[in-house]
Every structure is written in C-alpha cells, then in structure tokens.
Amino acid sequence: MWLVAGEESGDQLGAKLIRSLRALSDRPLSLSGVGGDAMAAEGMDSLFPLEDVAVIGYLAVAARIRLLMRRIRQTVRACVAARPDVLVIIDSPGFTHAVASRVRRQLPGLPVVDYVSPSVWAWRPWRAKTMRGYIDHVLALLPFEPDAHRRLDGPACTYVGHPLIERLSELRPGPAETATRQGPSPVLAVLPGSRRTEIERLMPIFGSALAKLQAQGHAFTVELPAVTRHRALIARLAASWPVAPRLIDGEADKLATFRRARAALAASGTVTLELALSGVPMVVAYQVPKIEEVIVRRLIQVPTIVLPNLILGENAIPELIQSDCTPERLAAALGPLLPDGPARAAQEAALARLDATMRLPDGDDPSRSAARIVLSIIRRSGDRFGGDDDARTRS
C-alpha cells in the first residue's frame, strides 16, 4: 500500500488512517510512500523528508520548483516500481495530484484514492472532471462535497467525516467553562490567522476594532492563541493594542480558550469550524491585497468563504471581507454577540445544527470510515496484500 502526503496536516490524517487500516484489515499491511513524523510513528518510512514538498503559496512553490519536480519524479518512479495494491494521496493537491496523474499513466489499473477533496466547489470547478482521469474515489471531509462532485462530474465521492469530529470532547465546554462564558468579563478569542501576511494585515484592524468595542461600554478580556513560529511578530503588533491580549501558546491551551470564550473575532480558515463546533458565536474577517482580490473574485464560486456557513447552507456567521473589513464594522458586528440577545441566540442555534449535519450516519469516526472504503477498493480491485507479482499485475 502506498500513501503520499504533502504537508503536516496530511501527515496527521495519514497517521490516523494507517492506525485504522491496521485495526480493520485481516492481513498485514506493507506501507511505503511520503509522509512525516506522524506517519513514521505508525510504521511508514518516507522516501524523503516531508519538508521538501511542504510549501504553501505561489512564491514559495516558484522558489523550490526544481526540488519539487525532482521529488514528484522520484515518488512516481518508486510507486510504479512497487506496484502497490492502492495509492492513497492525502490533501496537498499541487504535489499529490501531480504524482497520481503520472502514476496512473504508467499503472492504469492501480486504484487511486484521494483523501481530502480539493475545493472544486469554491474555485476552479473544472478540476473535478479532470480528476476522473486519475482518481477513482474521493474521501471528503465536508458533507456537501459529494453533491459538488456529482454536480461537476467529478470522481465517486463519499463523505467520511471531518477530523474535528474526533475531537469534540476537547472542543466542548464543561460546567466551569460554561460559567466563565456567562461571567461579568467574558473572554473574547481573537485569531488573526496563521500566515505572516494575514497577521500583518489583520492585527492592526483587529486592535482598532477591540478599542471601539471597549468604547461602546463592553467589558471583556482578550485571549489570542499565537502561532508558535509567528509569536514574536504577534507580540510586537499586539503591544500597540489599546486592549492588551493574553497570548496563548500550544494546541491544548488554544482549545481551552475556545471552551471558555464568549465570542470570537477570527480570520477565515479552518479555525472557524473549530470555534463553531465549540459553540462560540463569531465574526469572521479577511483581507487580501487589491490585485489578489481581483483574481479571487473571478475564481470563487461560492456565496461565502466561511466553512460553517457552507456546511449549514446559510450565512449564519457574519463575514466582513476586503472593504467591509474595517474596525467600525467589526466592532458593530461583535457588539451584539457579547450580551444575551437575538443576534447571539440566532448564531448559537445555527451552530447547534452543525453536529447533526456533520455526524456520520453510523456514528463512526472519520479515520475508520476512510479506512473501510480504502480496504473495500482494494478488495474490489482483485489484488491481495503481500501477493506475488502475477497477482499484482495491472490491466
């Protein structure tokens, strides 16, 4: 079996998938491919360090294009030589899809599974139909993605559940944390993004918004979960805020902040889904440079960029992007979420519906659901684990 991840989040998904595959398979697994520390801990050796291909952004890719192309060719050669029972690519479509399409040309009968759908529903929808040429099945993390692939004539697609479903106990507040949410000086969680450009662009706006919120008479304390690699930058930019935040370090303490937060101001991203599953009413903000805005507005195919809104099928969470992302408008949207009232109640009711929408029908967890599909695809392909060369010959 071959698994190919392209960044840390895919490495984490891959590790959980390997664990579930071992638990569900009645035969030993032989694992090879590309992964990081988490997949290595589950017994898979990587062809090369994951850091070689874990790059994000056009400029970063352009700077390392020669190394990336060399690693793509190396991965393809090794996979074709191994003739595995299945190839599972995990997220990072810029790298993993380049591998899968090249492998498919050389091993046309090899089943290929894509764990995490590209955002074909949001932009570049033509990719869905193209994927049919080299992907047999997509394992989707978001419940609306199978319908999107059917609509766009993409590969077979099954919703297997988002990894956050496995972490609900870490996200949900206990009695003491619920009491904190109701206290006289509640916690406002502020999350300005994880990339340097996001942080530099949004921190001054968020600081001014907090000042205006305080001037309106709202009492609150600010907790800001800081990305480790950008902590010094965040601390420097927060020093000029009129409302001093408490910087939060580490994943566990970040989730503790979510459990006690009364409301949140967040940059668009996966963190909005974490907050939503924690039941935290929020305002979502985002800004990109003007030139990027022109490109993005032409490519984006959805009415909202907020993941919980997309899952719910309604714009329950206010999003203030580009010219709407101003201190005045952010403060005006946040203000009604701090006290009890209609705006807060409406958002809490919408967030409460996420569970039913995201829960898997059989109550299974995502990694086991994904593993079952991978194993069923192997069985349908007619191959067997540890088979001889004749048994592994492809059509």
# chains A, B, ... in the order shown; residues from 1 in each chain; ligands from 1
>>> select_by_dssp(residues="segment 205-378 of chain A", states="alpha helix (DSSP H)", output="ChimeraX atom specification")
/A:205-215,231-238,251-260,271-277,290-299,307-312,327-334,342-352,354-358,366-378
>>> residues_around(residues="Ile18 of chain A", least_positions_apart="6", cutoff="10 Å", atoms="only C-alpha atoms", output="number ranges by chain")
A: 3, 24, 29, 31, 39, 42-44, 367-368, 371
>>> atom_distance(atom1="atom CA of Ala40 of chain A", atom2="atom CA of Ala15 of chain A")
8.0 Å
>>> residues_around(residues="Trp2 of chain A", least_positions_apart="6", cutoff="8 Å", atoms="only C-alpha atoms", output="count of residues only")
9
>>> atom_distance(atom1="atom CA of Pro242 of chain A", atom2="atom CA of Ala219 of chain A")
13.4 Å
>>> atom_distance(atom1="atom CA of Pro155 of chain A", atom2="atom CA of Ile135 of chain A")
6.6 Å
>>> closest_residue(among="A:Ser278, A:Gln216, A:Thr304, A:Gln287", to="Arg181 of chain A", atoms="only C-alpha atoms")
A:Ser278
>>> select_by_dssp(residues="segment 142-380 of chain A", states="strand (DSSP E or B)", output="number ranges by chain")
A: 156-159, 187-191, 221-225, 246-248, 261-267, 282-286, 319-321
>>> write_last_selection(atoms="C-alpha atoms", output="mmCIF file, in the first residue's frame")
data_model
loop_
_atom_site.group_PDB
_atom_site.id
_atom_site.type_symbol
_atom_site.label_atom_id
_atom_site.label_comp_id
_atom_site.auth_asym_id
_atom_site.auth_seq_id
_atom_site.Cartn_x
_atom_site.Cartn_y
_atom_site.Cartn_z
ATOM 1 C CA ALA A 156 -17.039 8.997 -6.958
ATOM 2 C CA CYS A 157 -17.010 10.813 -3.623
ATOM 3 C CA THR A 158 -18.008 9.776 -0.100
ATOM 4 C CA TYR A 159 -18.271 11.941 2.992
ATOM 5 C CA VAL A 187 -13.312 36.016 27.121
ATOM 6 C CA LEU A 188 -13.158 37.272 23.547
ATOM 7 C CA ALA A 189 -10.992 34.968 21.439
ATOM 8 C CA VAL A 190 -9.072 36.783 18.709
ATOM 9 C CA LEU A 191 -7.480 34.794 15.872
ATOM 10 C CA THR A 221 -10.787 40.103 28.258
ATOM 11 C CA VAL A 222 -8.880 39.144 25.122
ATOM 12 C CA GLU A 223 -7.141 35.806 24.570
ATOM 13 C CA LEU A 224 -5.087 35.401 21.401
ATOM 14 C CA PRO A 225 -3.834 31.891 20.507
ATOM 15 C CA ARG A 246 -3.231 37.385 26.775
ATOM 16 C CA LEU A 247 -1.155 35.364 24.317
ATOM 17 C CA ILE A 248 -1.980 31.655 24.344
ATOM 18 C CA ALA A 261 -14.747 32.060 25.012
ATOM 19 C CA ARG A 262 -17.967 34.050 24.935
ATOM 20 C CA ALA A 263 -17.368 35.184 21.338
ATOM 21 C CA ALA A 264 -14.592 35.336 18.767
ATOM 22 C CA LEU A 265 -13.106 37.522 16.058
ATOM 23 C CA ALA A 266 -11.335 35.282 13.563
ATOM 24 C CA ALA A 267 -9.634 35.270 10.206
ATOM 25 C CA MET A 282 -18.096 34.749 15.979
ATOM 26 C CA VAL A 283 -17.403 37.367 13.365
ATOM 27 C CA VAL A 284 -15.132 36.333 10.503
ATOM 28 C CA ALA A 285 -12.859 38.781 8.701
ATOM 29 C CA TYR A 286 -10.387 38.660 5.851
ATOM 30 C CA GLU A 319 -18.208 37.709 7.352
ATOM 31 C CA LEU A 320 -16.571 41.055 6.706
ATOM 32 C CA ILE A 321 -14.050 40.839 3.900
#
>>> closest_residue(among="A:Ala232, A:Val243, A:Ala370, A:Leu307", to="Leu354 of chain A", atoms="only C-alpha atoms")
A:Leu307
>>> closest_residue(among="A:Leu164, A:Val271, A:Val227, A:Ala316", to="Arg195 of chain A", atoms="only C-alpha atoms")
A:Val227
>>> residues_around(residues="Arg77 of chain A", least_positions_apart="5", cutoff="9 Å", atoms="only C-alpha atoms", output="list in words")
Ile72, Ala82 and Val103 of chain A
>>> closest_residue(among="A:Leu360, A:Ala215, A:Ala176, A:Leu351", to="Thr272 of chain A", atoms="only C-alpha atoms")
A:Leu351
